[in-house]
Amino acid sequence: MPYSDVRQLAHAIDAGAPITVDYVATSGNRTVRTLSRLELDPPYLEAWCHLREDDRVFTLSRIHGVMSPVPE
């Protein structure tokens, strides 16, 4: 994950703000997820996934991009 993405993720965690990530699942499928209620527990990120409307655990190494949230 590029340093700029790490900084954006850290800021979102500190601010309690949602983020949108480009994520590659174990199946190899690439998805864009908006996440909130972020909790970092390396190597995982626990968060509320707006797409699945459920708490989910994301592997940090599978996050391939971090951006501002997309309005729903």
# chains A, B, ... in the order shown; residues from 1 in each chain; ligands from 1
$ residues_around --residues "A:Arg33" --least-positions-apart "4" --cutoff "9 Å" --atoms "only C-alpha atoms" --output "PyMOL selection string"
chain A and resi 19-23+49-52+69
$ select_by_dssp --residues "chain A" --states "strand (DSSP E or B)" --output "number ranges by chain"
A: 19-24, 30-41, 44-49, 54-59, 63-67
$ atom_distance --atom1 "atom CA of A:Ser61" --atom2 "atom CA of A:Ile13"
17.2 Å
$ closest_residue --among "A:Pro42, A:Asp55, A:Asn29, A:Thr34" --to "A:Ala17" --atoms "only C-alpha atoms"
A:Thr34
$ closest_residue --among "A:Thr31, A:Ser68, A:Thr26, A:Ser36" --to "A:Gln8" --atoms "only C-alpha atoms"
A:Ser68
$ select_by_dssp --residues "chain A" --states "alpha helix (DSSP H)" --output "PyMOL selection string"
chain A and resi 3-15
$ residues_around --residues "A:Trp48" --least-positions-apart "5" --cutoff "9 Å" --atoms "only C-alpha atoms" --output "list in words"
Thr34, Leu35, Ser36, Arg37, Leu38, Glu53, Asp54, Asp55, Arg56 and Val57 of chain A
